[in-house]
Structures are given as C-alpha cells and as structure tokens.
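Shown next: entry-v2.cif, given as mmCIF, C-alpha atoms.
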```cif
data_start
loop_
_atom_site.label_atom_id
_atom_site.label_comp_id
_atom_site.auth_asym_id
_atom_site.auth_seq_id
_atom_site.Cartn_x
_atom_site.Cartn_y
_atom_site.Cartn_z
CA MET A 28 0.00 0.00 0.00
CA TRP A 29 1.37 3.38 -1.02
CA GLU A 30 0.43 6.91 -0.06
CA LEU A 31 -1.00 8.75 -3.02
CA ASP A 32 -0.57 12.47 -3.66
CA GLY A 33 -3.55 13.77 -5.64
CA ALA A 34 -3.25 16.18 -8.58
CA LEU A 35 -4.84 19.55 -7.82
CA GLN A 36 -6.79 21.45 -10.48
CA HIS A 37 -7.19 25.20 -10.00
CA TYR A 38 -10.15 26.01 -12.25
CA ALA A 39 -11.87 29.39 -11.89
CA TRP A 40 -15.14 27.87 -10.62
CA GLY A 41 -13.53 26.20 -7.59
CA SER A 42 -13.89 27.09 -3.93
CA THR A 43 -11.04 28.92 -2.21
CA ASP A 44 -11.45 27.06 1.08
CA ALA A 45 -13.40 23.76 0.76
CA LEU A 46 -10.61 21.61 -0.71
CA PRO A 47 -7.79 23.12 1.40
CA GLU A 48 -9.88 22.32 4.48
CA PHE A 49 -10.60 18.77 3.25
CA LEU A 50 -6.93 18.12 2.45
CA GLY A 51 -5.65 19.76 5.63
CA ARG A 52 -3.64 22.34 3.70
CA GLU A 53 -3.36 26.08 3.93
CA ALA A 54 -5.60 28.05 1.59
CA ASP A 55 -3.79 30.48 -0.69
CA GLY A 56 -6.69 32.59 -1.94
CA THR A 57 -6.88 30.84 -5.33
CA PRO A 58 -9.77 28.58 -6.40
CA TRP A 59 -9.14 24.87 -5.72
CA ALA A 60 -11.64 23.10 -7.97
CA GLU A 61 -10.73 19.40 -8.00
CA VAL A 62 -8.17 16.95 -6.74
CA TRP A 63 -7.63 13.84 -8.89
CA PHE A 64 -6.69 10.43 -7.51
CA GLY A 65 -5.84 8.09 -10.36
CA ALA A 66 -3.57 7.29 -13.27
CA HIS A 67 -4.92 9.46 -16.08
CA PRO A 68 -1.87 10.71 -18.05
CA VAL A 69 -3.16 14.31 -18.09
CA ALA A 70 -2.71 14.55 -14.28
CA PRO A 71 -1.61 11.29 -12.63
CA SER A 72 -1.35 10.99 -8.86
CA LEU A 73 2.12 10.56 -7.42
CA LEU A 74 3.48 7.70 -5.32
CA PRO A 75 6.29 8.19 -2.79
CA ALA A 76 9.52 9.55 -4.32
CA GLY A 77 7.45 11.36 -6.95
CA ARG A 78 6.77 8.42 -9.24
CA ALA A 79 3.60 8.81 -11.30
CA LEU A 80 0.95 6.14 -10.72
CA ASP A 81 0.43 5.55 -14.46
CA GLU A 82 4.16 4.84 -14.89
CA ALA A 83 4.17 2.43 -11.95
CA ILE A 84 1.19 0.53 -13.38
CA ALA A 85 2.73 0.37 -16.85
CA ALA A 86 5.90 -1.15 -15.35
CA GLU A 87 4.05 -3.94 -13.46
CA PRO A 88 0.46 -4.17 -14.75
CA ARG A 89 -0.28 -7.71 -13.50
CA ARG A 90 0.91 -6.98 -9.97
CA MET A 91 -0.74 -3.57 -9.76
CA LEU A 92 -4.03 -4.33 -11.51
CA GLY A 93 -4.41 -8.12 -11.41
CA ASP A 94 -4.80 -10.33 -14.48
CA GLY A 95 -8.53 -9.72 -15.03
CA VAL A 96 -8.44 -5.92 -14.84
CA SER A 97 -5.20 -5.78 -16.81
CA ARG A 98 -6.72 -7.80 -19.67
CA ALA A 99 -10.09 -6.05 -19.67
CA PHE A 100 -8.73 -2.50 -19.64
CA ALA A 101 -5.56 -2.72 -21.73
CA GLN A 102 -3.24 -2.61 -18.70
CA ARG A 103 -4.69 0.70 -17.46
CA LEU A 104 -6.47 1.68 -14.26
CA PRO A 105 -10.06 2.06 -15.55
CA TYR A 106 -11.36 4.67 -13.09
CA LEU A 107 -10.55 8.12 -11.80
CA LEU A 108 -11.60 9.37 -8.34
CA LYS A 109 -11.96 13.07 -7.63
CA VAL A 110 -13.05 15.41 -4.89
CA ILE A 111 -14.82 18.31 -6.57
CA ALA A 112 -15.72 21.65 -4.96
CA PRO A 113 -17.61 24.04 -7.24
CA GLU A 114 -18.27 27.48 -5.78
CA ARG A 115 -19.55 28.73 -9.14
CA PRO A 116 -21.40 26.79 -11.87
CA LEU A 117 -19.38 24.49 -14.11
CA SER A 118 -19.82 24.53 -17.86
CA LEU A 119 -22.92 22.99 -19.37
CA GLN A 120 -21.37 19.79 -20.69
CA VAL A 121 -21.64 16.31 -22.14
CA HIS A 122 -19.22 13.37 -22.11
CA PRO A 123 -18.95 11.18 -25.23
CA GLY A 124 -19.61 7.47 -25.54
CA ARG A 125 -16.76 5.02 -26.08
CA GLU A 126 -16.94 4.56 -29.88
CA HIS A 127 -17.30 8.26 -30.63
CA ALA A 128 -14.45 9.13 -28.25
CA ALA A 129 -12.12 6.56 -29.82
CA GLU A 130 -12.82 7.74 -33.38
CA SER A 131 -12.54 11.44 -32.53
CA PHE A 132 -9.37 11.03 -30.46
CA ALA A 133 -7.73 9.18 -33.36
CA ALA A 134 -8.81 11.92 -35.78
CA GLU A 135 -7.33 14.70 -33.62
CA ASN A 136 -4.11 12.73 -33.25
CA ALA A 137 -3.93 12.31 -37.02
CA ALA A 138 -4.44 16.06 -37.41
CA GLY A 139 -1.37 16.64 -35.22
CA LEU A 140 -3.13 18.46 -32.36
CA PRO A 141 -0.99 18.36 -29.18
CA LEU A 142 -2.73 16.83 -26.14
CA ASP A 143 -2.54 20.15 -24.30
CA SER A 144 -3.89 22.22 -27.21
CA PRO A 145 -6.86 24.45 -26.26
CA GLN A 146 -8.42 23.34 -29.56
CA ARG A 147 -8.49 19.71 -28.37
CA ARG A 148 -11.91 18.23 -27.72
CA TYR A 149 -10.70 14.69 -26.96
CA ARG A 150 -7.78 14.04 -24.61
CA ASP A 151 -8.14 10.25 -24.64
CA ALA A 152 -10.04 7.46 -26.41
CA ASN A 153 -12.37 6.60 -23.53
CA HIS A 154 -15.99 7.21 -22.62
CA LYS A 155 -16.77 9.06 -19.41
CA PRO A 156 -19.80 7.93 -17.44
CA GLU A 157 -19.56 9.33 -13.92
CA MET A 158 -21.18 9.24 -10.50
CA LEU A 159 -21.18 11.91 -7.81
CA VAL A 160 -21.72 11.26 -4.09
CA ALA A 161 -22.44 14.43 -2.13
CA LEU A 162 -20.25 15.25 0.88
CA THR A 163 -22.20 18.48 1.52
CA ARG A 164 -25.48 19.67 0.07
CA PHE A 165 -24.86 19.65 -3.67
CA GLU A 166 -26.75 21.42 -6.48
CA ALA A 167 -26.75 20.42 -10.15
CA LEU A 168 -28.62 20.42 -13.44
CA CYS A 169 -28.89 17.03 -15.11
CA GLY A 170 -30.76 15.73 -18.16
CA PHE A 171 -33.74 17.09 -20.08
CA ARG A 172 -37.25 17.56 -18.76
CA THR A 173 -40.26 16.33 -20.70
CA PRO A 174 -41.09 18.71 -23.57
CA ARG A 175 -44.51 19.44 -22.07
CA ARG A 176 -43.06 20.42 -18.69
CA ALA A 177 -40.41 22.60 -20.34
CA ALA A 178 -43.14 24.26 -22.42
CA THR A 179 -45.05 25.06 -19.21
CA LEU A 180 -41.98 26.79 -17.78
CA LEU A 181 -41.48 28.84 -20.96
CA GLU A 182 -45.14 29.84 -21.27
CA GLY A 183 -45.97 33.36 -20.23
CA LEU A 184 -42.41 34.67 -19.99
CA GLY A 185 -43.36 36.88 -22.91
CA THR A 186 -40.03 37.23 -24.69
CA GLU A 187 -39.48 36.56 -28.37
CA LEU A 188 -36.94 33.86 -27.53
CA THR A 189 -39.10 31.97 -25.03
CA ASP A 190 -42.15 32.26 -27.28
CA ARG A 191 -40.17 30.64 -30.10
CA LEU A 192 -38.93 27.83 -27.86
CA HIS A 193 -42.42 27.30 -26.47
CA GLU A 194 -43.87 26.98 -29.98
CA LEU A 195 -41.25 24.40 -30.95
CA LEU A 196 -42.06 22.23 -27.93
CA VAL A 197 -45.84 22.56 -28.29
CA GLN A 198 -45.76 21.66 -31.97
CA GLN A 199 -43.37 18.76 -31.35
CA PRO A 200 -43.71 17.49 -27.75
CA THR A 201 -41.08 14.83 -28.50
CA ALA A 202 -37.32 14.34 -28.39
CA HIS A 203 -37.18 15.87 -31.88
CA GLY A 204 -38.82 19.05 -30.59
CA MET A 205 -36.46 19.20 -27.61
CA ARG A 206 -33.44 18.74 -29.87
CA ALA A 207 -34.67 21.55 -32.10
CA ALA A 208 -35.19 23.85 -29.11
CA PHE A 209 -31.81 23.07 -27.60
CA ARG A 210 -30.04 23.36 -30.96
CA SER A 211 -31.55 26.80 -31.48
CA LEU A 212 -29.94 27.92 -28.20
CA VAL A 213 -26.42 26.56 -28.66
CA SER A 214 -25.69 26.13 -32.37
CA ALA A 215 -23.25 28.75 -33.64
CA SER A 216 -25.55 29.69 -36.52
CA MET A 217 -28.70 30.12 -34.37
CA ARG A 218 -27.67 30.97 -30.81
CA PRO A 219 -29.42 34.06 -29.40
CA GLY A 220 -27.51 37.20 -28.57
CA PRO A 221 -26.82 38.58 -25.09
CA GLU A 222 -29.78 40.98 -25.18
CA ALA A 223 -32.24 38.15 -25.86
CA VAL A 224 -30.74 36.13 -22.98
CA ARG A 225 -30.96 39.09 -20.61
CA GLY A 226 -34.61 39.52 -21.53
CA VAL A 227 -35.35 35.93 -20.46
CA VAL A 228 -33.46 36.40 -17.20
CA GLU A 229 -35.43 39.56 -16.37
CA ALA A 230 -38.70 37.79 -17.18
CA CYS A 231 -37.77 34.94 -14.81
CA ARG A 232 -36.77 37.46 -12.15
CA HIS A 233 -40.06 39.33 -12.55
CA ARG A 234 -42.37 36.33 -12.25
CA LEU A 235 -40.31 35.04 -9.32
CA GLY A 236 -40.77 38.33 -7.48
CA ALA A 237 -44.46 38.43 -8.37
CA GLY A 238 -45.02 34.96 -6.94
CA GLU A 239 -46.24 33.70 -10.33
CA SER A 240 -43.52 31.19 -11.17
CA PRO A 241 -44.54 27.59 -12.01
CA SER A 242 -41.08 26.62 -10.70
CA PRO A 243 -39.41 29.14 -8.36
CA ARG A 244 -36.47 26.76 -8.09
CA ILE A 245 -35.58 26.86 -11.80
CA ASP A 246 -36.24 30.62 -12.05
CA ARG A 247 -33.81 31.19 -9.19
CA CYS A 248 -31.33 28.95 -11.02
CA VAL A 249 -31.65 31.01 -14.22
CA VAL A 250 -31.02 34.23 -12.29
CA HIS A 251 -28.06 32.64 -10.49
CA LEU A 252 -26.47 31.38 -13.70
CA ALA A 253 -26.86 34.80 -15.30
CA GLU A 254 -24.91 36.40 -12.44
CA HIS A 255 -21.89 34.28 -13.38
CA HIS A 256 -22.42 34.00 -17.15
CA PRO A 257 -24.35 37.09 -18.29
CA GLY A 258 -25.66 36.84 -21.84
CA ASP A 259 -24.74 33.15 -22.25
CA PRO A 260 -27.49 31.10 -24.00
CA GLY A 261 -26.70 28.23 -21.61
CA VAL A 262 -28.55 30.28 -18.98
CA VAL A 263 -31.79 29.87 -20.97
CA ALA A 264 -31.07 26.17 -21.58
CA ALA A 265 -31.49 25.64 -17.83
CA LEU A 266 -35.26 25.97 -18.36
CA LEU A 267 -35.12 22.72 -20.36
CA LEU A 268 -33.22 20.74 -17.71
CA ASN A 269 -33.87 18.93 -14.41
CA PRO A 270 -32.63 20.66 -11.25
CA VAL A 271 -31.06 18.28 -8.72
CA SER A 272 -30.36 18.73 -5.01
CA LEU A 273 -28.34 16.07 -3.18
CA GLN A 274 -27.97 15.76 0.58
CA PRO A 275 -24.74 14.29 2.03
CA GLY A 276 -24.53 10.60 1.15
CA GLU A 277 -26.90 10.84 -1.83
CA ALA A 278 -25.59 9.95 -5.28
CA LEU A 279 -26.23 10.97 -8.88
CA TYR A 280 -25.21 8.85 -11.90
CA VAL A 281 -24.49 10.73 -15.15
CA PRO A 282 -24.27 8.43 -18.21
CA ALA A 283 -22.26 9.41 -21.26
CA GLY A 284 -24.38 11.72 -23.43
CA THR A 285 -26.26 13.34 -20.53
CA LEU A 286 -26.21 17.15 -20.47
CA HIS A 287 -25.34 18.43 -17.00
CA SER A 288 -23.77 21.17 -14.94
CA TYR A 289 -22.61 21.05 -11.32
CA LEU A 290 -23.52 24.27 -9.54
CA HIS A 291 -22.36 24.24 -5.92
CA GLY A 292 -21.17 21.94 -3.14
CA VAL A 293 -18.50 19.37 -2.34
CA GLY A 294 -18.67 15.82 -3.61
CA LEU A 295 -16.84 12.62 -4.41
CA GLU A 296 -16.82 12.01 -8.15
CA ILE A 297 -15.86 8.68 -9.69
CA MET A 298 -15.74 8.11 -13.43
CA ALA A 299 -14.21 6.11 -16.22
CA ALA A 300 -10.59 7.27 -16.62
CA SER A 301 -11.21 10.03 -19.13
CA ASP A 302 -10.89 13.80 -19.49
CA ASN A 303 -13.20 14.18 -22.50
CA VAL A 304 -15.57 17.14 -22.05
CA LEU A 305 -17.77 18.67 -24.77
CA ARG A 306 -19.10 22.05 -23.67
CA ALA A 307 -22.40 23.66 -24.63
CA GLY A 308 -22.03 26.94 -22.71
CA LEU A 309 -21.54 28.62 -19.32
CA THR A 310 -17.78 28.73 -19.88
CA PRO A 311 -15.01 30.86 -21.42
CA LYS A 312 -13.43 27.62 -22.71
CA LEU A 313 -13.85 26.10 -26.14
CA VAL A 314 -17.48 25.49 -27.07
CA ASP A 315 -18.12 23.25 -30.06
CA ALA A 316 -21.89 22.96 -30.18
CA ASP A 317 -21.98 20.92 -33.37
CA GLU A 318 -19.65 18.28 -31.89
CA MET A 319 -21.55 18.29 -28.59
CA LEU A 320 -24.88 17.84 -30.41
CA GLN A 321 -23.54 14.63 -31.97
CA CYS A 322 -23.15 13.13 -28.50
CA VAL A 323 -25.98 14.57 -26.41
CA SER A 324 -29.12 12.61 -25.55
CA VAL A 325 -32.27 14.73 -25.49
CA GLN A 326 -34.58 11.96 -24.28
CA ALA A 327 -36.56 13.12 -21.27
CA ALA A 328 -35.43 11.29 -18.15
CA PRO A 329 -35.43 11.97 -14.41
CA PRO A 330 -32.03 12.35 -12.75
CA LEU A 331 -30.56 8.89 -12.07
CA ARG A 332 -30.10 8.69 -8.31
CA VAL A 333 -28.14 5.71 -6.99
CA ALA A 334 -29.25 4.35 -3.62
CA PRO A 335 -26.45 3.02 -1.39
CA GLU A 336 -26.55 -0.74 -0.91
CA ARG A 337 -25.42 -2.32 2.35
CA GLN A 338 -22.33 -4.52 1.84
CA SER A 339 -21.54 -5.24 5.48
CA ALA A 340 -22.18 -3.82 8.92
CA ALA A 341 -19.74 -0.97 8.21
CA SER A 342 -19.77 -0.52 4.42
CA VAL A 343 -22.24 0.69 1.79
CA ALA A 344 -21.68 0.60 -1.96
CA TYR A 345 -22.94 2.78 -4.81
CA TYR A 346 -23.30 0.59 -7.88
CA ALA A 347 -23.38 2.28 -11.28
CA PRO A 348 -24.34 0.30 -14.42
CA VAL A 349 -20.80 0.28 -15.85
CA ASP A 350 -17.80 -2.04 -15.69
CA ASP A 351 -15.22 0.70 -15.10
CA PHE A 352 -15.80 1.55 -11.44
CA GLU A 353 -17.70 1.21 -8.21
CA LEU A 354 -17.55 3.27 -5.05
CA SER A 355 -18.06 2.26 -1.42
CA ILE A 356 -17.92 4.13 1.88
CA THR A 357 -16.90 2.49 5.15
CA THR A 358 -17.63 3.95 8.59
CA LEU A 359 -15.81 2.51 11.63
CA GLU A 360 -16.17 3.10 15.36
CA GLY A 361 -13.30 1.52 17.21
CA SER A 362 -9.68 2.08 18.17
CA LEU A 363 -6.40 2.27 16.26
CA GLY A 364 -4.83 0.19 19.02
CA GLU A 365 -6.80 -2.95 18.18
CA HIS A 366 -4.52 -5.91 17.52
CA GLN A 367 -7.00 -7.76 15.32
CA LEU A 368 -8.65 -5.47 12.82
CA PRO A 369 -12.34 -6.38 12.96
CA HIS A 370 -13.67 -5.26 9.60
CA ARG A 371 -13.05 -6.94 6.26
CA VAL A 372 -13.25 -4.28 3.55
CA PRO A 373 -15.41 -5.63 0.69
CA GLY A 374 -14.01 -5.72 -2.84
CA GLY A 375 -10.65 -6.45 -4.37
CA GLY A 376 -8.39 -5.66 -7.27
CA PRO A 377 -6.68 -2.28 -7.59
CA ARG A 378 -8.18 0.15 -5.09
CA ILE A 379 -7.83 3.78 -4.17
CA LEU A 380 -8.79 4.61 -0.58
CA LEU A 381 -9.55 8.17 0.47
CA GLY A 382 -9.92 9.22 4.10
CA LEU A 383 -13.02 11.30 4.80
CA GLU A 384 -13.06 11.60 8.61
CA GLY A 385 -10.98 10.45 11.59
CA GLU A 386 -8.26 7.82 11.29
CA VAL A 387 -8.41 4.16 10.33
CA LEU A 388 -5.79 1.42 10.35
CA LEU A 389 -5.64 -0.76 7.25
CA GLU A 390 -3.94 -4.13 6.89
CA SER A 391 -3.24 -6.24 3.82
CA GLY A 392 -0.68 -8.81 2.73
CA LEU A 393 1.67 -5.86 2.18
CA GLY A 394 1.54 -4.57 5.76
CA ARG A 395 -0.32 -1.95 7.81
CA GLN A 396 -0.99 1.70 7.06
CA VAL A 397 -2.85 4.52 8.84
CA LEU A 398 -5.26 6.53 6.68
CA GLY A 399 -6.34 9.94 7.90
CA ALA A 400 -8.87 12.47 6.60
CA GLY A 401 -7.82 14.02 3.31
CA ARG A 402 -5.15 11.35 2.68
CA ALA A 403 -5.21 8.66 0.00
CA LEU A 404 -3.68 5.22 -0.57
CA PHE A 405 -3.25 3.04 -3.63
CA VAL A 406 -3.70 -0.65 -2.86
CA PRO A 407 -2.49 -2.94 -5.68
CA ALA A 408 -4.32 -6.12 -6.60
CA SER A 409 -1.43 -8.14 -5.20
CA ALA A 410 -2.25 -6.88 -1.68
CA GLY A 411 -5.10 -9.39 -1.35
CA GLU A 412 -7.68 -9.08 1.42
CA LEU A 413 -7.97 -5.74 3.18
CA ARG A 414 -9.00 -5.34 6.82
CA ALA A 415 -9.68 -2.15 8.75
CA GLY A 416 -10.14 -0.82 12.26
CA GLY A 417 -10.21 2.51 14.05
CA ALA A 418 -12.63 5.41 14.25
CA GLY A 419 -13.23 7.12 10.95
CA ARG A 420 -14.74 7.03 7.49
CA PHE A 421 -13.16 6.36 4.13
CA ALA A 422 -14.18 5.93 0.50
CA GLN A 423 -12.95 3.11 -1.71
CA ALA A 424 -12.79 3.25 -5.50
CA SER A 425 -12.46 -0.16 -7.14
CA VAL A 426 -13.42 -2.25 -10.18
CA PRO A 427 -16.64 -4.31 -10.06
#
```
Using structure tokens, write down the structure that the file contains.
Amino acid sequence: MWELDGALQHYAWGSTDALPEFLGREADGTPWAEVWFGAHPVAPSLLPAGRALDEAIAAEPRRMLGDGVSRAFAQRLPYLLKVIAPERPLSLQVHPGREHAAESFAAENAAGLPLDSPQRRYRDANHKPEMLVALTRFEALCGFRTPRRAATLLEGLGTELTDRLHELLVQQPTAHGMRAAFRSLVSASMRPGPEAVRGVVEACRHRLGAGESPSPRIDRCVVHLAEHHPGDPGVVAALLLNPVSLQPGEALYVPAGTLHSYLHGVGLEIMAASDNVLRAGLTPKLVDADEMLQCVSVQAAPPLRVAPERQSAASVAYYAPVDDFELSITTLEGSLGEHQLPHRVPGGGPRILLGLEGEVLLESGLGRQVLGAGRALFVPASAGELRAGGAGRFAQASVP
C-alpha cells in the first residue's frame, strides 16, 4: 500500500477554502476546484519519491491491476476518483460514448493536435460515465425535462426567444422538438444574442418576485447562472433541464451523453478514466456545439439517483451500471490500538482509498498503514484481502 498524492486542479469555478480544508492544507486565496486520484496521463497521482501512478502501473500491470483488470482495460487503471468543490457553476457539458471518443481522439491525433492544445476536444479514447456522491449539500442540473413540462416553464415569460422555444415544444412534444429547441440555443448559426438572454433572465426574475412562477427553483437557477455568465445562452437552456439537489450521502449517476452542470457543493466524483468534455455553454473555454450535439441525448429522463446498498455492517456501496468503477464508503467506530482489525473491507483488485473523517488502520498482505482524513492510498491487486479498524470514514474506489 502506497500513499497517493492527488493532482490539484485550479479552475476558476472552484472554492477557495473547501478543498484546502478537506486536504488539511493552507488556503492560498486561489480557487481549488478538484483533486484527482488516479492514473490518467493528463494529471496522474504521485506515489512516494514522486513516481507517477500511471508509470508504476505500466511497469508492473499484473501486480498492480491483477490479471482480469489488466486484460479487460488494456493494462490501465479504468477509473478516476476526484473530490470536486464548485463554488460557481461548471460549464454545461456532455461526455462522449466510447466509440465516438475513440474515433474522434484518433482523428485529432492524425491532425497533429498536441494533447494540451486548447483546440483539443478529446484528450483520450475513452468514454466518461460518472457518479457523484455528495459530501455536503450539492446542487446540479442534469438531463432534459419532458417537452410538455419545459413548455409550461417557458409559457408566459413573454419574450421573443421563449415564445419561439415554447412553440417548438408545443408543436413537437417529442425528443425531436427538444433537440430543435436546444439546438436553437447553442448552435453557432442560431444561438441568441446577449440581449435576448438578458430579456429571459429579467422575465424569470419578474415572475419570481411576483409569486407567479410555475417553478421558483428553476427561475432562481436562471437568475443565479446569469450572475456568473451574463448573456450566455446556456442560462436559458437551464429551463429545459432537471434541477437536482443532493444531501450528504446521496448519489447521482451521469451516463455518457447526458447534459449536465454542477452548480455548488463538495462531492466525491468517480468516473471512467477520461478527461473528455464537450461544452455547450456557461464557460469561457472552447465550445463546439456541433460536436456536442452529436453526442448529447435529449430523451426526457429523471435524474438517475443511486441508492447506497449495504455490503456489510460498516460498508455501503454505490453501484453504477458500468464495468469501469464502483464506489463504497466504510464507517468505523473503534480504536487504532486494536490488535486484530475487525472489519473486512469488501471488494478487491486495484483500489484507491480516500480518508473522509478520523483515522483508520488498514492491513493487507503488504503490511499496515494509517489513513487519515484528506489522505489517499493506492492498494495494488497483489495486496489481497484488506482489513480495517479505528474510528473514521473512508471511500474506496475499485473495479466491479
């Protein structure tokens, strides 16, 4: 078992204090958005002596991953674990499916685009389904509403833009109508200008103040988004989407192709090992609406909440319908001084453990290690069974 130093990401939407507090480090006044624990080549975690985890796995894939995982995932760790702390809304985004990602990554390589180019849309050949487990109250937008419900929210706002969207959805209360409405907001040839967007925001603000809103929650969201991204058509797109609120311990699964934006909170995020993001708006970064529209699903669907399933007296698991990852959380009430560690940690294979609270003692065939809050460990497949004791809580990322 090795201590793992996560890779920090300082994006503009991050909190200045949530991640420093979680990691037990001093805040420096800059936004700390994410910390990555994994082996993605864009930002691999570091083992002791500064060795990158992806390099260590490549040198001994069978020992680190085990035969089954090594064969199934081309000798790569298939998941990436993050702690994410948005203070401001993230971009409105979609992640591609596996086949589309592989084809597009190969095409950009053939075109000679460097991996760090700002014109890159695909940084690897993988899909990126993901799941978020809230550590604090967490707000998001995820997936499209039914066309009829979206039409109800647009009705009566009285702007030229919302009247046009309303007509599209009334005439075609289907996925085709929703695609047409969404395309008219984000496509480079049709997207509305800042004045039209501001008109919608003011109309939402007015009906909210007048107590006439059919959904005060989404009107507040539109106003909030406009404060951070004034004039961006993605602000209006929020009227087409499902708002989501998660309490600590609740989970949201986001399949590839699902339009979403994380708005505020702190959460554990686990995903297939990919950094492919196609943006539709709410960002100063590259937006390629035509490429995003090839991948997005506009089928109406409620947000996919994942209920924790009891694995043992101390552990619960969040099972997503993918082969790349699963996430469990273990809560222990005991003592670090126990000679026999009482709890067998479910699962196996290559694991990343992340301390959430307190301190726990972990034991495998490779020895014992203390895991404290904000610290992480990589446990190779060769470690075998894992046992734990102490008083604390930790998350475990593993392969199903």
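Taken over the whole file, the PyMOL selection byres ((chain A and resi 88) around 10) covers exactly Asp81, Glu82, Ala83, Ile84, Ala85, Ala86, Glu87, Arg89, Arg90, Met91, Leu92, Gly93, Asp94, Val96, Ser97, Arg98, Ala101, Gln102, Arg103, Leu104, Pro407 and Ala408 of chain A.
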Report task. Apply the PyMOL selection byres ((chain A and resi 426) around 7) to the displayed file and report the matching residues as a PyMOL selection string. Result -> chain A and resi 351-353+376+425+427
As a check of understanding, name the residues that the PyMOL selection byres ((chain A and resi 267) around 6) selects in the supplied structure, as a CSV table (one decimal) with C-alpha atoms, in the frame of the given file.
```csv
chain,number,residue,atom,x,y,z
A,171,PHE,CA,-33.7,17.1,-20.1
A,172,ARG,CA,-37.2,17.6,-18.8
A,177,ALA,CA,-40.4,22.6,-20.3
A,264,ALA,CA,-31.1,26.2,-21.6
A,265,ALA,CA,-31.5,25.6,-17.8
A,266,LEU,CA,-35.3,26.0,-18.4
A,268,LEU,CA,-33.2,20.7,-17.7
```
Requested in this report: Using all atoms listed in the file, find all polymer residues with an atom at most 8 Å away from the point (-28.5, 25.9, -27.7); report them as a PyMOL selection string.
Outcome: chain A and resi 208-214+217-218+260-261+264+307+316
Suppose we keep C-alpha atoms; can you now write the selection as a JSON list (two decimals), in the frame of the given file?
```
[["chain", "number", "residue", "atom", "x", "y", "z"],
["A", 208, "ALA", "CA", -35.19, 23.85, -29.11],
["A", 209, "PHE", "CA", -31.81, 23.07, -27.60],
["A", 210, "ARG", "CA", -30.04, 23.36, -30.96],
["A", 211, "SER", "CA", -31.55, 26.80, -31.48],
["A", 212, "LEU", "CA", -29.94, 27.92, -28.20],
["A", 213, "VAL", "CA", -26.42, 26.56, -28.66],
["A", 214, "SER", "CA", -25.69, 26.13, -32.37],
["A", 217, "MET", "CA", -28.70, 30.12, -34.37],
["A", 218, "ARG", "CA", -27.67, 30.97, -30.81],
["A", 260, "PRO", "CA", -27.49, 31.10, -24.00],
["A", 261, "GLY", "CA", -26.70, 28.23, -21.61],
["A", 264, "ALA", "CA", -31.07, 26.17, -21.58],
["A", 307, "ALA", "CA", -22.40, 23.66, -24.63],
["A", 316, "ALA", "CA", -21.89, 22.96, -30.18]]
```
Requested in this report: Might you pull out every residue within 7 Å of Ala60 (chain A), with all atoms listed in the file counted and same-chain residues fewer than 3 positions away left off, and present them as an MDAnalysis selection string?
Outcome: chainID A and resid 36:38 40:42 111:113
Query raised in the report: In terms of the shortest atom-to-atom distance over all atoms listed in the file, which of A:Leu181, A:Val314, A:Leu309, A:Val293 is closest to Pro47 (chain A)?
Result: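 Smallest distance to Pro47 (chain A) is found for A:Val293.
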Query - Two-atom distance - CA of Leu35 (chain A), CA of Leu50 (chain A) (Å) - result: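 The value is 10.6 Å.
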Query raised in the report: Leaving out region 340-348 of chain A and any residue of its chain fewer than 3 positions from it, which residues lie within 8 Å of it when counting only C-alpha atoms, given as a list in words?
Result: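 The residues satisfying every condition are Met158, Ala278, Tyr280, Val333, Ala334, Pro335, Glu336, Arg337, Phe352, Glu353, Leu354, Ser355, Ile356, Thr357, Thr358, Leu359, His370, Val372 and Pro373 of chain A.
Note that the spacing between CA of Pro156 (chain A) and CA of Glu254 (chain A) amounts to 29.4 Å.
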Write out as lines of an AutoDock Vina configuration file an axis-aligned box for region 336-347 of chain A: all of its atoms listed in the file, 3 Å added on each side, centre and edge lengths in Å with one decimal.
```
center_x = -23.1
center_y = -1.2
center_z = -1.2
size_x = 12.8
size_y = 14.0
size_z = 26.2
```
Query raised in the report: Which residue gives the smallest distance to Gly385 (chain A) among A:Ala403, A:Leu73, A:Val62, A:Ala418, with all atoms listed in the file counted?
Result: A:Ala418
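Shortest separation to Thr201 (chain A) among A:Arg175, A:Ala138, A:Pro58, A:Leu320 occurs at residue A:Arg175, atoms counted being all atoms listed in the file.
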Query raised in the report: So how far away is CA of Val323 (chain A) from CA of Trp59 (chain A), in Å?
Result: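 Pair CA of Trp59 (chain A) / CA of Val323 (chain A) returns 28.6 Å.
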**Report entry** Polymer residues at most 9 Å from Gln396 (chain A), all atoms listed in the file, same-chain spacing of 6 or more positions, as a ChimeraX atom specification
**Finding:** /A:28-30,387-390,404
Preceding selection exported with C-alpha atoms as a PDB file, keeping the file's coordinate frame:
```pdb
ATOM      1  CA  MET A  28       0.000   0.000   0.000  1.00  0.00           C
ATOM      2  CA  TRP A  29       1.370   3.380  -1.020  1.00  0.00           C
ATOM      3  CA  GLU A  30       0.430   6.910  -0.060  1.00  0.00           C
ATOM      4  CA  VAL A 387      -8.410   4.160  10.330  1.00  0.00           C
ATOM      5  CA  LEU A 388      -5.790   1.420  10.350  1.00  0.00           C
ATOM      6  CA  LEU A 389      -5.640  -0.760   7.250  1.00  0.00           C
ATOM      7  CA  GLU A 390      -3.940  -4.130   6.890  1.00  0.00           C
ATOM      8  CA  LEU A 404      -3.680   5.220  -0.570  1.00  0.00           C
TER       9      LEU A 404
END
```
Query raised in the report: Quick one: residues within 12 Å of His127 (chain A), only C-alpha atoms counted, chain neighbours fewer than 2 positions away excluded, as a list of chain:residue names?
Result: A:His122, A:Pro123, A:Gly124, A:Arg125, A:Ala129, A:Glu130, A:Ser131, A:Phe132, A:Ala133, A:Ala134, A:Arg148, A:Tyr149, A:Asp151, A:Ala152, A:Asn153, A:His154, A:Lys155, A:Ala283, A:Gly284, A:Asn303, A:Leu305, A:Glu318, A:Met319, A:Gln321, A:Cys322, A:Val323
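Each of A:Pro145, A:Pro71, A:Gly236, A:Gly416 was checked against Gln367 (chain A) using all atoms listed in the file; the smallest atom-to-atom distance is that of A:Gly416.
For Leu380 (chain A), the set of protein, DNA and RNA residues having any atom at most 7 Å away, when counting all atoms listed in the file and skipping those fewer than 5 positions along the same chain, is A:Ala403, A:Leu404, A:Phe405, A:Phe421, A:Ala422, A:Gln423, A:Ala424.
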Query raised in the report: With only C-alpha atoms as the atoms that count, which of A:Gly77, A:Pro311, A:Met205, A:Ala215 lies nearest to Leu117 (chain A)?
Result: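 Using only C-alpha atoms, Leu117 (chain A) sits closest to A:Pro311.
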